[in-house]
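Peer 1: Before we start, here is the structure in question, set down as structure tokens.
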Amino acid sequence: MTLAIVLAAGTPAEGLTTATGESLADRLAAQLRRAGADGVRFAADLDELAALVDAATAPVLITGTDLVAHTAVLRHLATSPVGPTVALVLGDPLVPERTAVREERGQVVDAGAVDALDGDATGVFGGALRVGVDDLPTLAAAARAAGGPGPAVDRLFASLAALGTLIFAQRVRLLVAHRVEDASGLAAAEAAVTAVDEDRAELRLSVKEKDDFFTTYFVSTWSPQVVRLAARLRLTPTGVTAISVLFALAAAVLFGVGGRPALVSGAVLLYLGFVLDCVDGQLARYTRHFSAWGGWLDTMADRAKEYLVYAGLGFGVSHAGLGNGWALAIAAMTLQTVRHMTDTWYGVLHDEAARRPRTATGAGGGIGDRLNAASTRVQADTGSVSYWLKRTVVFPIGERWALIALTVALFNPLVSLIAVLVWGALAFAYTGALRTLRARWMWVPVLDTVDATLHRDDGPLARRLPVVRPMGPLTLAVIAALGPAVLLVAALLSDAPDGLRWAVPVALLVLLVGGLGAGAAHNGPLDWLVPAALRAAEYLFAIAVGVVGDVPGWLIFGYVFVLTVHHYDLTARLEKRQAAPPLHLATLGWEGRSALLALAAIAGTAGAGLATLGAYLLVVFVVSVVLAWFVRPAGNTRASVAPVGAGGAAPR
């Protein structure tokens with residue numbers, strides 16, 4: 001439920017009448033109801049608004065009385081999935097009476113008078129904002145503290161930002177929204193609203209404003225028509241996600257079967273599956289059907305689809321006698337997962353840097369400063385050659401799926417896997433080098449802002465190990481990966497890898513070095529790389545145990561696949577601001593799982609160990625998903641509606 005409040009105080013447009021003869025405030029109230037507000041209240045001043053907010057138990061949508069906009073603009077604000085508190089930001093001219101905004105990466109990092117922002121303003125506050133439940137106490141405090149001249153809604157917004165609230169910016173694209181002051185401005189704004197087909201604009205808005213090259217020119221040019229059809233068929237975004245998984249699974253099977261007709265058919269299905277992968281998000285934006293479950297499922301399905309395709313390619317290579325396809329598939333999956341872990345945490349780093357002033361340590365320019373400025377210039381030059389090169393060289397998902405489809409259709413699965421590995425490795429080297437330089441310049445710790453133990457995936461053993469602070473957690477994590485890497489290389493080069501069973505406990509001891517940093521502060525400029533380094537260490541150890549134990553490649557792939565699902569669950573929850581999985585402790589931690597595999601390898605039962613532990617982790621994951629997304633929410637719903645005397649709490 002959402003409460004909408006029209007704040008009538010302090011705007012020059014209070015007495016204006018619309019073309020239909022109603023006041024702006026009354027029209028806004030009607031639009032807010034159509035935008036999804038469950039109730040609309042009017043507040044004469046900020047004190048009255050604060051009283052309404054004090055009693056609110058759901059998100060609050062606030063507007064001034066000078067906003068002329070499509071109803072879709074308000075609906076997008078009310079349903080925006082980017083964060084709990086979102087403000088409308090316009091590209092209108094900056095004037096002294098309006099609150100100017102400076103935003104970075106979609107976050108409002110500063111707000112106030114135009115001259116106070118020293119020319120760094122990127123927009124102007126649009127006179128409307130949605131405030132999440134957790135920020136309501138701060139909103140009430142901001143309303144009581146907001147003083148000075150100007151429209152009340154501007155003073156409220158500036159006060160809320162000054163109190164440190166994390167506010168995301170909602171930009172207006174294709175639709176119309178303007179703040180007006182007089183009759184001529186009102187007439188012009190109403191004419192602009194009337195001139196735009198709202199539904200057609202919303203369909204175009206379902207496509208991301210900035211996407212990758214292949215998606216932009218080979219998918220989004222026609223996917224909106226699929227979105228319109230899906231909406232008419234009343235398909236849900238989750239339903240489209242499920243269909244895209246089936247397409248990818250069918251493509252993987254065809255890649256495994258081999259033969260030119262099967263490979264070409266699989267490539268076509270892979271492309272269509274990727275189109276549907278884009279359509280599910282576009283459908284969610286078009287219908288405004290967002291949910292934490294849907295966002296989580298989309299993230300998990302994307303990775304599962306990609307790795308199922310790798311499995312199909314790997315089987316196809318081995319089945320055709322072209323080489324050890326499973327080894328290539330395992331390498332591609334491991335590389336891509338570690339890349340994704342760095343992508344996730346670099347994004348967190350960048351968001352945190354946008355919210356903080358840069359420390360004196362990073363001042364004075366340097367290569368990181370120049371790289372940051374160059375990246376900003378390229379990103380702003382939308383559509384240029386440099387812009388598309390920057391977006392393509394990092395090997396995003398659209399380019400990965402296009403490369404797989406083309407190479408497997410024209411050549412064979414072996415060429416496809418090698419191409420994925422080569423481009424992926426080059427992209428990893430490129431992004432890793434540039435991000436390291438920029439991160440050292442930014443010097444913003446991020447792991448100390450979250451539960452580092454959770455995102456390191458530490459188990460009971462790592463939490464009890466002594467802390468070696470002088471070396472730092474990243475150095476220890478890198479050392480941890482070296483032992484398994486050496487063992488894996490030795491096993492791959494050996495004619496009798498089973499003879500290296502004695503080296504497994506040695507590699508385990510080196511791996512456990514990573515646990516010596518578990519209790520240390522993760523506040524170094526590069527400590528955002530710790531989760532990725534620990535993922536690499538665990539995967540390399542599991543693969544090495546499999547090679548030493550002469551375990552079939554498909555079984556090693558399956559075990560590492562289950563590990564990646566577990567780790568993607570953690571990153572998806574981080575991105576969606578969800579709590580830890582209900583059964584996280586039952587996953588034993590990276591060091592606990594590795595110790596069990598080491599025991600299995602020493603006993604000569606590495607295959608049984610991988611199969612048993614993999615099956616156990618998969619069951620834990622499935623049960624955890626059911627508990628987190630179905631059982632617990634259903635229990636909370638029943639508890640909230642239970643009558644007194646039937647287990648429900650008595651009202652107070």
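Naming scheme: A, B, ... for chains in displayed order of the structure tokens; residues 1 onward per chain; ligands 1 onward as shown.
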Show which residues sit within 12 Å of Arg469 of chain A, as a short mmCIF file (atom, residue, chain, number, x, y, z; two decimals) with N, CA, C and O atoms, in the first residue's frame. Count only C-alpha atoms, and ignore same-chain residues fewer than 6 positions away.
Peer 2:
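After the write, result-v8.cif holds the following:
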```cif
data_model
loop_
_atom_site.label_atom_id
_atom_site.label_comp_id
_atom_site.auth_asym_id
_atom_site.auth_seq_id
_atom_site.Cartn_x
_atom_site.Cartn_y
_atom_site.Cartn_z
N THR A 475 45.79 -10.02 0.15
CA THR A 475 47.03 -10.77 -0.03
C THR A 475 46.86 -12.22 0.42
O THR A 475 47.30 -13.16 -0.26
N LEU A 476 46.20 -12.41 1.55
CA LEU A 476 45.99 -13.76 2.06
C LEU A 476 45.08 -14.56 1.12
O LEU A 476 45.29 -15.76 0.91
N GLY A 514 43.79 -18.20 3.38
CA GLY A 514 42.78 -17.17 3.14
C GLY A 514 41.91 -16.90 4.33
O GLY A 514 41.35 -15.80 4.48
N GLY A 515 41.74 -17.89 5.21
CA GLY A 515 40.92 -17.71 6.40
C GLY A 515 41.58 -16.86 7.46
O GLY A 515 40.90 -16.39 8.39
N LEU A 516 42.89 -16.64 7.35
CA LEU A 516 43.58 -15.82 8.35
C LEU A 516 43.22 -14.34 8.25
O LEU A 516 43.55 -13.57 9.14
N GLY A 517 42.55 -13.98 7.17
CA GLY A 517 42.13 -12.58 7.03
C GLY A 517 40.66 -12.38 7.33
O GLY A 517 40.14 -11.28 7.16
N ALA A 518 39.97 -13.44 7.77
CA ALA A 518 38.52 -13.34 7.96
C ALA A 518 38.14 -12.27 8.98
O ALA A 518 37.16 -11.55 8.79
N GLY A 519 38.90 -12.17 10.06
CA GLY A 519 38.54 -11.21 11.11
C GLY A 519 39.18 -9.85 10.96
O GLY A 519 38.99 -8.98 11.82
N ALA A 520 39.95 -9.65 9.90
CA ALA A 520 40.64 -8.37 9.70
C ALA A 520 39.70 -7.35 9.06
O ALA A 520 38.69 -7.70 8.45
N ALA A 521 40.06 -6.08 9.20
CA ALA A 521 39.29 -5.02 8.56
C ALA A 521 39.51 -5.07 7.05
O ALA A 521 40.65 -5.13 6.59
N HIS A 522 38.42 -5.07 6.29
CA HIS A 522 38.50 -5.11 4.83
C HIS A 522 38.32 -3.69 4.30
O HIS A 522 37.36 -3.37 3.62
N ASN A 523 39.27 -2.83 4.61
CA ASN A 523 39.13 -1.42 4.25
C ASN A 523 40.25 -0.93 3.34
O ASN A 523 40.47 0.28 3.22
N GLY A 524 40.95 -1.84 2.69
CA GLY A 524 41.97 -1.44 1.74
C GLY A 524 41.35 -1.03 0.41
O GLY A 524 40.20 -1.37 0.12
#
```
Peer 1: Rounded to one decimal place, report the atom CA of Arg535 of chain A-atom CA of Ala433 of chain A distance in Å.
Peer 2: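 It comes out at 19.1 Å.
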Peer 1: Can you tell me, as a ChimeraX atom specification, what residues are no more than 6 Å from Leu156 of chain A when counting only C-alpha atoms, ignoring any on the same chain fewer than 2 positions away?
Peer 2: /A:143,146,153-154,158-159
Peer 1: Within segment 181-332 of chain A, find each residue whose DSSP state, derived from the backbone, is alpha helix (DSSP H), and express the selection as JSON, numbers by chain.
Peer 2: {"A": [183, 184, 185, 186, 187, 188, 189, 190, 191, 192, 193, 194, 198, 199, 200, 201, 202, 203, 204, 205, 213, 214, 215, 216, 217, 218, 223, 224, 225, 226, 227, 228, 229, 230, 231, 232, 237, 238, 239, 240, 241, 242, 243, 244, 245, 246, 247, 248, 249, 250, 251, 252, 253, 254, 255, 256, 257, 260, 261, 262, 263, 264, 265, 266, 267, 268, 269, 270, 271, 272, 273, 274, 275, 276, 277, 278, 279, 280, 281, 282, 283, 284, 285, 286, 287, 292, 293, 294, 295, 296, 297, 298, 299, 300, 301, 302, 303, 304, 305, 306, 307, 308, 309, 310, 311, 312, 313, 314, 315, 316, 317, 318, 319, 325, 326, 327, 328, 329, 330, 331, 332]}
Peer 1: Which residues, written as a VMD selection string, have at least one atom at most 12 Å from Tyr217 of chain A, with only C-alpha atoms counted and residues fewer than 3 positions away on the same chain left out?
Peer 2: chain A and resid 207 210 to 214 220 to 223 275 383 388 398 to 399
Peer 1: For each of A:Pro137, A:Trp345, A:Ala58, A:Ala284, take the minimum atom-to-atom distance to Arg234 of chain A, counting only C-alpha atoms, then give the residue where this is smallest.
Peer 2: A:Ala284
Peer 1: How far is it from atom CA of Asp118 of chain A to atom CA of Thr99 of chain A, in Å with one decimal?
Peer 2: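 Value for the atom CA of Asp118 of chain A-atom CA of Thr99 of chain A distance: 13.3 Å.
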Peer 1: Between A:Ala329, A:Met300, A:Ala116, A:Ala100, which residue has the minimum interatomic distance to Gly312 of chain A, considering only C-alpha atoms?
Peer 2: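 Residue with the minimum atom-to-atom distance to Gly312 of chain A: A:Ala329.
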Peer 1: Which of these residues is nearest to Phe315 of chain A, using only C-alpha atoms: A:Pro497, A:Gly15, A:Gly64, A:Pro552?
Peer 2: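 Using only C-alpha atoms, the shortest distance to Phe315 of chain A belongs to A:Pro552.
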Peer 1: Counting only C-alpha atoms, which residue out of A:Asp115, A:Asp381, A:Asp457, A:Asp448 sits closest to Val101 of chain A?
Peer 2: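 Among A:Asp115, A:Asp381, A:Asp457, A:Asp448, it is A:Asp115 that comes nearest to Val101 of chain A.
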Peer 1: List the neighbours of segment 558-575 of chain A out to 7 Å using only C-alpha atoms; skip same-chain residues closer than 4 positions along the sequence, and give me the result as a PDB file with N, CA, C and O atoms, in the first residue's frame.
Peer 2:
```
ATOM      1  N   TRP A 296      15.479 -11.512  -8.395  1.00  0.00           N
ATOM      2  CA  TRP A 296      16.406 -12.572  -7.988  1.00  0.00           C
ATOM      3  C   TRP A 296      16.380 -13.717  -8.998  1.00  0.00           C
ATOM      4  O   TRP A 296      17.428 -14.215  -9.424  1.00  0.00           O
ATOM      5  N   THR A 299      18.216 -12.932 -12.277  1.00  0.00           N
ATOM      6  CA  THR A 299      19.670 -13.005 -12.130  1.00  0.00           C
ATOM      7  C   THR A 299      20.148 -14.445 -12.111  1.00  0.00           C
ATOM      8  O   THR A 299      21.113 -14.811 -12.799  1.00  0.00           O
ATOM      9  N   MET A 300      19.479 -15.287 -11.329  1.00  0.00           N
ATOM     10  CA  MET A 300      19.892 -16.680 -11.215  1.00  0.00           C
ATOM     11  C   MET A 300      19.678 -17.435 -12.533  1.00  0.00           C
ATOM     12  O   MET A 300      20.506 -18.253 -12.938  1.00  0.00           O
ATOM     13  N   THR A 337      32.477 -16.732 -13.779  1.00  0.00           N
ATOM     14  CA  THR A 337      31.984 -16.495 -12.418  1.00  0.00           C
ATOM     15  C   THR A 337      32.899 -15.551 -11.657  1.00  0.00           C
ATOM     16  O   THR A 337      32.427 -14.623 -10.988  1.00  0.00           O
ATOM     17  N   HIS A 455      29.722 -12.366   2.802  1.00  0.00           N
ATOM     18  CA  HIS A 455      30.082 -12.251   1.392  1.00  0.00           C
ATOM     19  C   HIS A 455      31.449 -12.854   1.076  1.00  0.00           C
ATOM     20  O   HIS A 455      31.742 -13.120  -0.090  1.00  0.00           O
ATOM     21  N   TYR A 539      37.200 -22.787  -6.255  1.00  0.00           N
ATOM     22  CA  TYR A 539      36.945 -23.501  -7.511  1.00  0.00           C
ATOM     23  C   TYR A 539      38.191 -24.251  -7.975  1.00  0.00           C
ATOM     24  O   TYR A 539      38.109 -25.410  -8.405  1.00  0.00           O
ATOM     25  N   TRP A 554      32.363 -34.255 -16.365  1.00  0.00           N
ATOM     26  CA  TRP A 554      30.992 -33.783 -16.171  1.00  0.00           C
ATOM     27  C   TRP A 554      30.653 -33.652 -14.691  1.00  0.00           C
ATOM     28  O   TRP A 554      29.885 -32.770 -14.302  1.00  0.00           O
ATOM     29  N   ALA A 579      18.243 -10.214   2.674  1.00  0.00           N
ATOM     30  CA  ALA A 579      18.985 -10.776   3.793  1.00  0.00           C
ATOM     31  C   ALA A 579      19.722 -12.040   3.351  1.00  0.00           C
ATOM     32  O   ALA A 579      19.554 -12.542   2.241  1.00  0.00           O
ATOM     33  N   LEU A 610      32.768 -35.423  -4.328  1.00  0.00           N
ATOM     34  CA  LEU A 610      32.205 -34.336  -5.132  1.00  0.00           C
ATOM     35  C   LEU A 610      30.710 -34.533  -5.355  1.00  0.00           C
ATOM     36  O   LEU A 610      29.923 -33.587  -5.249  1.00  0.00           O
ATOM     37  N   GLY A 614      28.121 -32.094  -3.564  1.00  0.00           N
ATOM     38  CA  GLY A 614      27.360 -31.304  -4.534  1.00  0.00           C
ATOM     39  C   GLY A 614      25.869 -31.500  -4.368  1.00  0.00           C
ATOM     40  O   GLY A 614      25.087 -30.536  -4.411  1.00  0.00           O
ATOM     41  N   LEU A 618      23.121 -28.665  -3.226  1.00  0.00           N
ATOM     42  CA  LEU A 618      21.975 -28.372  -4.076  1.00  0.00           C
ATOM     43  C   LEU A 618      20.674 -28.477  -3.280  1.00  0.00           C
ATOM     44  O   LEU A 618      19.782 -27.632  -3.427  1.00  0.00           O
ATOM     45  N   PHE A 621      20.409 -25.480  -1.060  1.00  0.00           N
ATOM     46  CA  PHE A 621      20.039 -24.303  -1.843  1.00  0.00           C
ATOM     47  C   PHE A 621      18.546 -24.290  -2.151  1.00  0.00           C
ATOM     48  O   PHE A 621      17.870 -23.271  -1.968  1.00  0.00           O
TER      49      PHE A 621
END
```
Peer 1: Looking at A:Leu3, A:Ala601, A:Val196, A:Ala354, which one is nearest to Gly132 of chain A, with distances taken over only C-alpha atoms?
Peer 2: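 Distance minimum relative to Gly132 of chain A lands on A:Leu3.
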